[in-house]
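Visitor: start_25.txt is reproduced below (compact mmCIF, C-alpha atoms).
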```
# COMPACT_ATOMS: atom_id res chain seq x y z
CA MET B 1 77.23 64.56 21.40
CA TYR B 2 78.90 61.50 19.87
CA ASP B 3 82.13 61.96 21.87
CA ASN B 4 80.11 61.67 25.08
CA HIS B 5 78.65 58.39 23.83
CA ILE B 6 82.15 57.06 23.06
CA LEU B 7 83.45 58.03 26.50
CA LEU B 8 80.46 56.43 28.21
CA GLU B 9 81.08 53.22 26.25
CA MET B 10 84.70 53.25 27.45
CA VAL B 11 83.76 53.15 31.13
CA ASN B 12 84.76 49.69 32.40
CA SER B 13 85.69 48.72 28.83
CA THR B 14 88.69 49.00 26.48
CA VAL B 15 89.59 51.27 23.57
CA GLU B 16 89.82 48.20 21.33
CA ASP B 17 86.36 46.90 22.29
CA VAL B 18 84.76 50.32 21.77
CA SER B 19 86.45 50.77 18.39
CA ILE B 20 85.09 47.38 17.24
CA LYS B 21 81.61 48.02 18.64
CA GLU B 22 81.36 51.51 17.09
CA GLY B 23 83.18 50.71 13.85
CA LEU B 24 85.85 53.34 14.55
CA GLY B 25 89.61 53.27 14.30
CA TYR B 26 91.65 52.91 17.50
CA GLU B 27 93.05 56.45 17.09
CA ALA B 28 89.54 57.93 16.71
CA VAL B 29 88.48 56.46 20.07
CA MET B 30 91.72 57.64 21.70
CA GLY B 31 91.04 61.08 20.20
CA SER B 32 87.80 61.33 22.19
CA LEU B 33 89.66 60.36 25.34
CA TYR B 34 92.41 62.93 24.88
CA ARG B 35 90.03 65.72 23.84
CA TYR B 36 87.81 65.48 26.91
CA ILE B 37 89.72 63.69 29.70
CA ASP B 38 92.69 65.51 31.25
CA THR B 39 95.92 63.65 31.93
CA GLU B 40 96.24 65.26 35.36
CA VAL B 41 93.93 66.62 38.03
CA SER B 42 92.00 69.83 37.45
CA TRP B 43 91.88 71.56 40.84
CA ASP B 44 89.19 74.00 39.70
CA GLY B 45 86.54 71.28 39.80
CA ILE B 46 87.37 70.19 43.37
CA GLU B 47 85.77 71.91 46.36
CA ARG B 48 87.43 70.03 49.21
CA LEU B 49 89.71 67.04 49.92
CA ASP B 50 89.00 65.92 53.52
CA VAL B 51 91.07 62.69 53.57
CA ILE B 52 94.03 62.03 51.27
CA GLY B 53 95.11 58.45 50.57
CA LEU B 54 98.62 57.42 49.49
CA ASP B 55 99.50 53.98 48.17
CA GLU B 56 101.60 52.34 45.49
CA ILE B 57 101.01 49.77 42.78
CA SER B 58 103.41 48.03 40.42
CA LEU B 59 102.77 48.63 36.72
CA LYS B 60 104.53 45.40 35.74
CA LYS B 61 104.30 42.43 38.06
CA GLY B 62 107.70 41.35 39.35
CA HIS B 63 109.50 44.36 37.85
CA GLY B 64 109.20 46.74 40.82
CA ASP B 65 107.97 49.43 38.43
CA PHE B 66 106.05 51.36 41.08
CA VAL B 67 103.76 54.34 40.78
CA THR B 68 102.14 56.26 43.62
CA ILE B 69 98.35 56.60 43.60
CA VAL B 70 97.07 59.74 45.32
CA THR B 71 93.36 59.96 46.06
CA SER B 72 90.95 61.94 48.17
CA ARG B 73 87.84 60.83 50.00
CA VAL B 74 84.92 63.17 50.72
CA ALA B 75 81.92 61.43 52.30
CA ALA B 76 81.54 58.28 50.16
CA LYS B 77 83.17 59.69 47.04
CA THR B 78 86.72 58.78 45.96
CA THR B 79 88.56 61.13 43.57
CA ILE B 80 91.80 60.37 41.76
CA LEU B 81 94.30 63.18 42.29
CA ALA B 82 97.48 61.80 40.74
CA VAL B 83 99.40 58.86 39.36
CA LEU B 84 103.04 59.67 40.17
CA LYS B 85 106.07 57.93 38.70
CA GLY B 86 107.99 56.22 41.50
CA ARG B 87 107.34 56.44 45.22
CA THR B 88 110.10 58.64 46.59
CA LYS B 89 109.45 61.11 49.35
CA GLU B 90 110.57 63.95 47.05
CA THR B 91 108.07 63.02 44.32
CA VAL B 92 105.16 62.77 46.76
CA LYS B 93 106.15 65.93 48.63
CA LYS B 94 106.37 67.89 45.37
CA PHE B 95 102.84 66.86 44.41
CA LEU B 96 101.32 67.49 47.85
CA SER B 97 103.01 70.91 47.90
CA SER B 98 101.34 71.74 44.56
CA ILE B 99 97.84 71.42 46.03
CA PRO B 100 96.21 74.89 46.02
CA LYS B 101 96.19 76.65 49.39
CA ARG B 102 92.37 76.77 49.54
CA LEU B 103 92.25 72.95 49.25
CA LYS B 104 95.14 72.29 51.63
CA LYS B 105 93.02 73.97 54.31
CA THR B 106 90.30 71.32 53.82
CA VAL B 107 92.60 68.32 54.46
CA LYS B 108 91.82 66.64 57.79
CA ALA B 109 93.96 63.50 57.52
CA VAL B 110 96.36 61.60 55.31
CA CYS B 111 96.04 57.79 55.30
CA SER B 112 98.94 55.61 54.25
CA ASP B 113 100.80 52.40 54.97
CA MET B 114 103.98 52.57 57.07
CA TYR B 115 106.26 53.65 54.24
CA GLU B 116 108.20 56.61 55.65
CA GLY B 117 108.52 58.27 52.25
CA TYR B 118 104.75 58.85 52.34
CA THR B 119 104.27 59.64 56.01
CA ASN B 120 107.24 62.05 56.16
CA ALA B 121 106.24 63.83 52.94
CA ALA B 122 102.72 64.37 54.29
CA ALA B 123 103.97 65.55 57.68
CA GLU B 124 106.35 68.07 56.09
CA VAL B 125 103.72 69.51 53.75
CA PHE B 126 100.71 69.64 56.10
CA GLY B 127 102.35 70.07 59.50
CA LYS B 128 100.76 69.21 62.85
CA ASP B 129 97.24 70.35 61.94
CA VAL B 130 96.69 67.30 59.71
CA LYS B 131 96.75 63.84 61.26
CA ILE B 132 98.88 61.18 59.56
CA VAL B 133 97.06 57.86 59.95
CA VAL B 134 98.78 54.53 59.42
CA ASP B 135 96.08 52.29 58.01
CA ARG B 136 94.78 49.74 60.52
CA PHE B 137 94.47 47.04 57.85
CA HIS B 138 98.19 47.30 57.07
CA VAL B 139 98.82 46.95 60.81
CA ALA B 140 96.57 43.86 60.97
CA LYS B 141 98.41 42.33 58.02
CA LEU B 142 101.68 42.51 59.97
CA TYR B 143 100.50 40.74 63.12
CA ARG B 144 98.51 38.22 61.08
CA ASN B 145 101.68 37.46 59.11
CA ASP B 146 103.48 36.76 62.39
CA LEU B 147 100.71 34.34 63.38
CA ASP B 148 101.00 32.69 59.98
CA GLY B 149 104.76 32.29 60.43
CA LEU B 150 104.18 30.45 63.71
CA ARG B 151 101.48 28.32 62.06
CA LYS B 152 103.94 27.17 59.39
CA LYS B 153 106.50 26.13 62.02
CA GLU B 154 103.91 24.29 64.11
CA ILE B 155 102.34 22.50 61.13
CA LYS B 156 105.79 21.36 60.03
CA ARG B 157 106.40 19.97 63.53
CA LEU B 158 102.98 18.30 63.76
CA LYS B 159 103.38 16.66 60.36
CA LYS B 160 106.40 14.81 61.76
CA GLU B 161 104.88 14.01 65.14
CA LEU B 162 101.25 13.10 64.37
CA SER B 163 99.87 10.04 62.65
CA GLU B 164 98.68 10.55 59.09
CA GLU B 165 95.08 10.12 60.20
CA GLU B 166 95.38 12.68 63.00
CA PHE B 167 97.22 15.18 60.77
CA LYS B 168 94.41 15.00 58.19
CA LYS B 169 92.08 16.50 60.80
CA LEU B 170 94.03 19.76 60.47
CA LYS B 171 93.02 20.28 56.85
CA ASN B 172 92.53 23.95 55.80
CA VAL B 173 93.83 25.39 59.09
CA MET B 174 95.54 28.23 57.22
CA TRP B 175 92.21 29.56 55.92
CA ILE B 176 90.38 28.84 59.16
CA LEU B 177 92.90 30.86 61.19
CA ARG B 178 92.42 33.79 58.79
CA LYS B 179 88.62 33.88 59.09
CA ASP B 180 86.76 36.12 61.50
CA VAL B 181 85.90 34.16 64.63
CA ASP B 182 82.20 35.04 64.25
CA GLU B 183 82.14 33.51 60.77
CA LEU B 184 83.57 30.10 61.72
CA THR B 185 81.33 27.06 61.21
CA ASP B 186 80.98 24.32 63.85
CA GLU B 187 83.16 22.07 61.71
CA GLU B 188 85.90 24.73 61.50
CA LEU B 189 85.75 25.30 65.25
CA GLU B 190 86.35 21.58 65.73
CA VAL B 191 89.43 21.77 63.48
CA LEU B 192 90.77 24.63 65.60
CA LYS B 193 90.08 22.66 68.80
CA CYS B 194 92.09 19.77 67.42
CA LEU B 195 94.92 22.07 66.30
CA PHE B 196 95.14 23.87 69.64
CA ARG B 197 95.12 20.57 71.53
CA HIS B 198 98.37 19.73 69.74
CA SER B 199 99.74 23.31 69.72
CA PRO B 200 98.90 25.41 72.82
CA ILE B 201 101.45 28.03 71.68
CA LEU B 202 99.49 28.59 68.47
CA GLU B 203 96.25 28.93 70.44
CA LEU B 204 97.88 31.60 72.59
CA ALA B 205 99.13 33.54 69.54
CA TYR B 206 95.72 33.22 67.88
CA LYS B 207 93.94 34.63 70.94
CA LEU B 208 96.40 37.51 71.19
CA CYS B 209 95.81 38.38 67.52
CA ASN B 210 92.06 38.43 68.08
CA ASP B 211 92.50 40.53 71.23
CA LEU B 212 94.36 43.17 69.23
CA THR B 213 91.74 43.10 66.47
CA ASP B 214 89.05 43.65 69.11
CA ILE B 215 90.82 46.82 70.27
CA PHE B 216 90.65 48.23 66.72
CA GLU B 217 86.99 47.22 66.44
CA ASP B 218 85.97 49.00 69.64
CA ASP B 219 84.73 52.59 69.50
CA ILE B 220 87.27 54.11 71.88
CA SER B 221 89.42 57.24 72.12
CA LYS B 222 93.04 57.46 71.06
CA SER B 223 94.25 57.61 74.69
CA VAL B 224 92.22 54.56 75.73
CA ALA B 225 93.40 52.67 72.64
CA THR B 226 97.04 53.53 73.45
CA CYS B 227 96.63 52.17 77.00
CA ARG B 228 94.97 48.98 75.77
CA ILE B 229 97.60 48.38 73.09
CA ASN B 230 100.34 48.85 75.70
CA ASP B 231 98.54 46.32 77.94
CA TRP B 232 98.43 43.94 74.96
CA LYS B 233 102.18 44.33 74.45
CA LYS B 234 102.70 43.52 78.14
CA LYS B 235 100.59 40.37 77.76
CA VAL B 236 102.68 39.25 74.79
CA LYS B 237 105.89 39.80 76.75
CA GLU B 238 104.56 37.85 79.72
CA SER B 239 103.45 35.00 77.45
CA GLY B 240 107.02 34.33 76.35
CA LEU B 241 105.97 34.31 72.68
CA LYS B 242 108.69 35.55 70.32
CA CYS B 243 106.71 35.53 67.05
CA PHE B 244 105.42 39.10 67.59
CA ASN B 245 108.81 40.67 68.40
CA ARG B 246 109.28 42.39 65.03
CA PHE B 247 105.67 43.57 65.00
CA ILE B 248 106.00 45.10 68.48
CA SER B 249 109.10 47.02 67.34
CA THR B 250 107.05 48.40 64.43
CA LEU B 251 104.19 49.21 66.81
CA ASP B 252 106.54 51.18 69.07
CA LYS B 253 107.93 53.12 66.11
CA TYR B 254 104.54 54.09 64.64
CA MET B 255 102.31 54.10 67.73
CA ASP B 256 101.24 57.73 67.38
CA LYS B 257 100.29 57.40 63.70
CA ILE B 258 98.62 54.01 64.25
CA THR B 259 96.50 55.28 67.14
CA ASN B 260 95.50 58.37 65.14
CA TYR B 261 93.01 55.94 63.57
CA PHE B 262 90.91 56.14 66.74
CA ILE B 263 90.34 59.90 66.40
CA ASN B 264 87.95 59.63 63.45
CA ARG B 265 88.34 55.92 62.59
CA GLN B 266 89.84 56.75 59.20
CA THR B 267 91.44 54.05 57.07
CA SER B 268 92.82 53.87 53.56
CA GLY B 269 90.29 51.18 52.70
CA PHE B 270 89.05 53.43 49.90
CA VAL B 271 92.59 53.40 48.44
CA GLU B 272 92.70 49.60 48.55
CA GLY B 273 89.32 49.53 46.83
CA LEU B 274 90.65 51.76 44.09
CA ASN B 275 93.79 49.63 43.76
CA ASN B 276 91.58 46.63 43.04
CA LYS B 277 89.84 48.67 40.33
CA ILE B 278 93.24 49.64 38.87
CA LYS B 279 94.27 45.98 38.73
CA VAL B 280 91.13 45.30 36.70
CA ILE B 281 91.94 48.25 34.39
CA LYS B 282 95.48 46.89 33.88
CA ARG B 283 94.18 43.40 33.03
CA ARG B 284 91.43 44.77 30.82
CA CYS B 285 93.82 47.01 28.91
CA TYR B 286 96.65 44.45 28.75
CA GLY B 287 98.81 46.51 31.06
CA ILE B 288 99.09 50.30 30.98
CA LEU B 289 102.63 51.62 31.30
CA ASN B 290 101.83 55.24 30.39
CA ILE B 291 100.95 56.95 33.69
CA LYS B 292 99.06 59.79 31.98
CA HIS B 293 96.84 57.29 30.17
CA LEU B 294 96.38 55.34 33.41
CA PHE B 295 95.21 58.54 35.13
CA GLN B 296 92.67 59.09 32.33
CA ARG B 297 91.33 55.53 32.60
CA ILE B 298 91.00 55.68 36.39
CA TYR B 299 89.28 59.07 36.16
CA LEU B 300 86.89 57.81 33.47
CA ASP B 301 85.97 54.68 35.44
CA LEU B 302 85.33 56.76 38.58
CA GLU B 303 83.56 59.73 37.00
CA GLY B 304 82.32 58.52 33.59
CA TYR B 305 78.75 57.59 34.49
CA SER B 306 78.08 60.82 36.39
CA LEU B 307 79.60 62.90 33.58
CA TYR B 308 78.25 61.19 30.47
CA ALA B 309 75.26 58.98 31.36
```
When written as structure tokens, how does the structure in this file appear?
Guide:
Amino acid sequence: MYDNHILLEMVNSTVEDVSIKEGLGYEAVMGSLYRYIDTEVSWDGIERLDVIGLDEISLKKGHGDFVTIVTSRVAAKTTILAVLKGRTKETVKKFLSSIPKRLKKTVKAVCSDMYEGYTNAAAEVFGKDVKIVVDRFHVAKLYRNDLDGLRKKEIKRLKKELSEEEFKKLKNVMWILRKDVDELTDEELEVLKCLFRHSPILELAYKLCNDLTDIFEDDISKSVATCRINDWKKKVKESGLKCFNRFISTLDKYMDKITNYFINRQTSGFVEGLNNKIKVIKRRCYGILNIKHLFQRIYLDLEGYSLYA
């Protein structure tokens, strides 16, 4: 069927490119899209949900024009469930409440960042039977940002205090501090040695960051993880470091949801992966402001090959 061919050509492409390639008008290509691709989820074709992911993206950079992306993850397959206008708790709760009862029973966890609009909406709809998991990579971003804040202060100080020649030895420290320890080259390790010789406080903060990362990397239970994170907090307090104060307050507030990660080691990494795909779709299609059309394009990019190849 020719429509199937058109839809297959549109996967990872644009309406404009397909219309040129096929010698069709723009509206003819869009006609195929609207005839065969729904503008919202069809629950009939979904057997289970397992893990639901909630995240937001901005349709227009710098304009705060946010939409909420709702996805599900079953085994290695990601499914788009909704593109919702805005990111209020009410909007998200209304959608989650609309999920058919038979599918609600299959939800094991909801993964999100720390935005309370998402976590509270999920908790109110699914109750205590479904674990709300604050994504570990959002947690890591917070404590890494605190380390980066200290780095900026220390580099500013060292620029004033060190000779030009000595300061040059600290080139690229920002990127080196962000790399996994196991991936550092001998040359990069030497740069860190030099940096820490001049800034013991930064070395201490760096080690504490890596200690916390190690906890999340270890295959341990929620209760063990909670104990180890509390020990980490005690270490920070004893160190006298102030750069992690705000992060520790956040940790205290969300400890239960953060440590839910250790139950089945679930993250919203699949949501972040999809967000990267959406950014590509937006660039490719010169920005999509119509959320129904955005849903269609995400669905087609995710499902197109299996449906039409």
Visitor: If you measure from CA of Asn290 (chain B) to CA of Ala76 (chain B), what distance in Å do you get, rounded to one decimal?
Guide: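 Answer for the CA of Asn290 (chain B) to CA of Ala76 (chain B) separation: 28.5 Å.
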Visitor: So that I can check the surroundings of region 5-15 of chain B, please list as a PyMOL selection string every protein, DNA and RNA residue that reaches within 7 Å of it, counting all atoms listed in the file and ignoring chain neighbours fewer than 6 positions away.
Guide: chain B and resi 26+29-30+32-33+284-285+300-301+304-305+308-309
Visitor: Tell me which residues come within 10 Å of (98.4, 56.0, 64.4), as a ChimeraX atom specification, counting all atoms listed in the file in the file's coordinates.
Guide: /B:111,114,131-136,139,222,226,251,254-263
Visitor: Can you tell me how far CA of Val110 (chain B) sits from CA of Asn264 (chain B), in Å to one decimal?
Guide: 11.9 Å
Visitor: Excluding same-chain residues fewer than 2 positions from Glu187 (chain B), what lies within 12 Å of it counting only C-alpha atoms, as a ChimeraX atom specification?
Guide: /B:169-173,176,183-185,189-194
Visitor: Restricting the calculation to only C-alpha atoms, which member of B:Asp186, B:Glu90, B:Glu47, B:Asp17 is positioned closest to Val107 (chain B)?
Guide: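 The shortest atom-to-atom distance to Val107 (chain B) comes from B:Glu47.
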Visitor: Kindly indicate which residue among B:Thr39, B:Thr91, B:Asn210, B:Ser163 lies nearest to Asp182 (chain B), using all atoms listed in the file for the distances.
Guide: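 For Asp182 (chain B), the nearest of the candidates is B:Asn210.
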Visitor: Any chance you could work out the axis-aligned box around region 107-123 of chain B, listed atoms only, 6 Å on each side, giving centre and edge lengths in Å to one decimal, as JSON?
Guide:
```
{"center_x": 100.2, "center_y": 60.4, "center_z": 55.0, "size_x": 28.7, "size_y": 27.9, "size_z": 17.5}
```
Visitor: Rounded to one decimal in Å, what is the spacing between CA of Glu188 (chain B) and CA of Glu166 (chain B)?
Guide: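 That distance, rounded to one decimal, is 15.4 Å.
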Visitor: Taking all atoms listed in the file into account, name the residue in B:Lys292, B:Lys101, B:Arg35, B:Lys94 that is nearest to Tyr118 (chain B).
Guide: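 Smallest separation from Tyr118 (chain B) among the options: B:Lys94.
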Visitor: List as number ranges by chain the protein and nucleic acid residues near region 140-149 of chain B, meaning an atom at most 8 Å away when only C-alpha atoms are counted, but skip any in the same chain fewer than 2 places from it.
Guide: B: 136-138, 151-153, 174, 178, 202, 205-206, 209, 213, 243-244, 247
Visitor: Need to verify the contact set: Ser72 (chain B), 12 Å, all atoms listed in the file, exclusion of same-chain residues closer than 6 positions in sequence. Can you return it as a VMD selection string?
Guide: chain B and resid 41 46 to 55 78 to 82 96 99 103 to 104 106 to 112 267 to 271 274
Visitor: B:Val181, B:Ile155, B:Ile69, B:Leu24: which is nearest Asn275 (chain B), counting only C-alpha atoms?
Guide: B:Ile69
Visitor: Using only C-alpha atoms, find the one residue out of B:Lys60, B:Arg246, B:Arg73, B:Lys156 that sits nearest to Gln266 (chain B).
Guide: B:Arg73
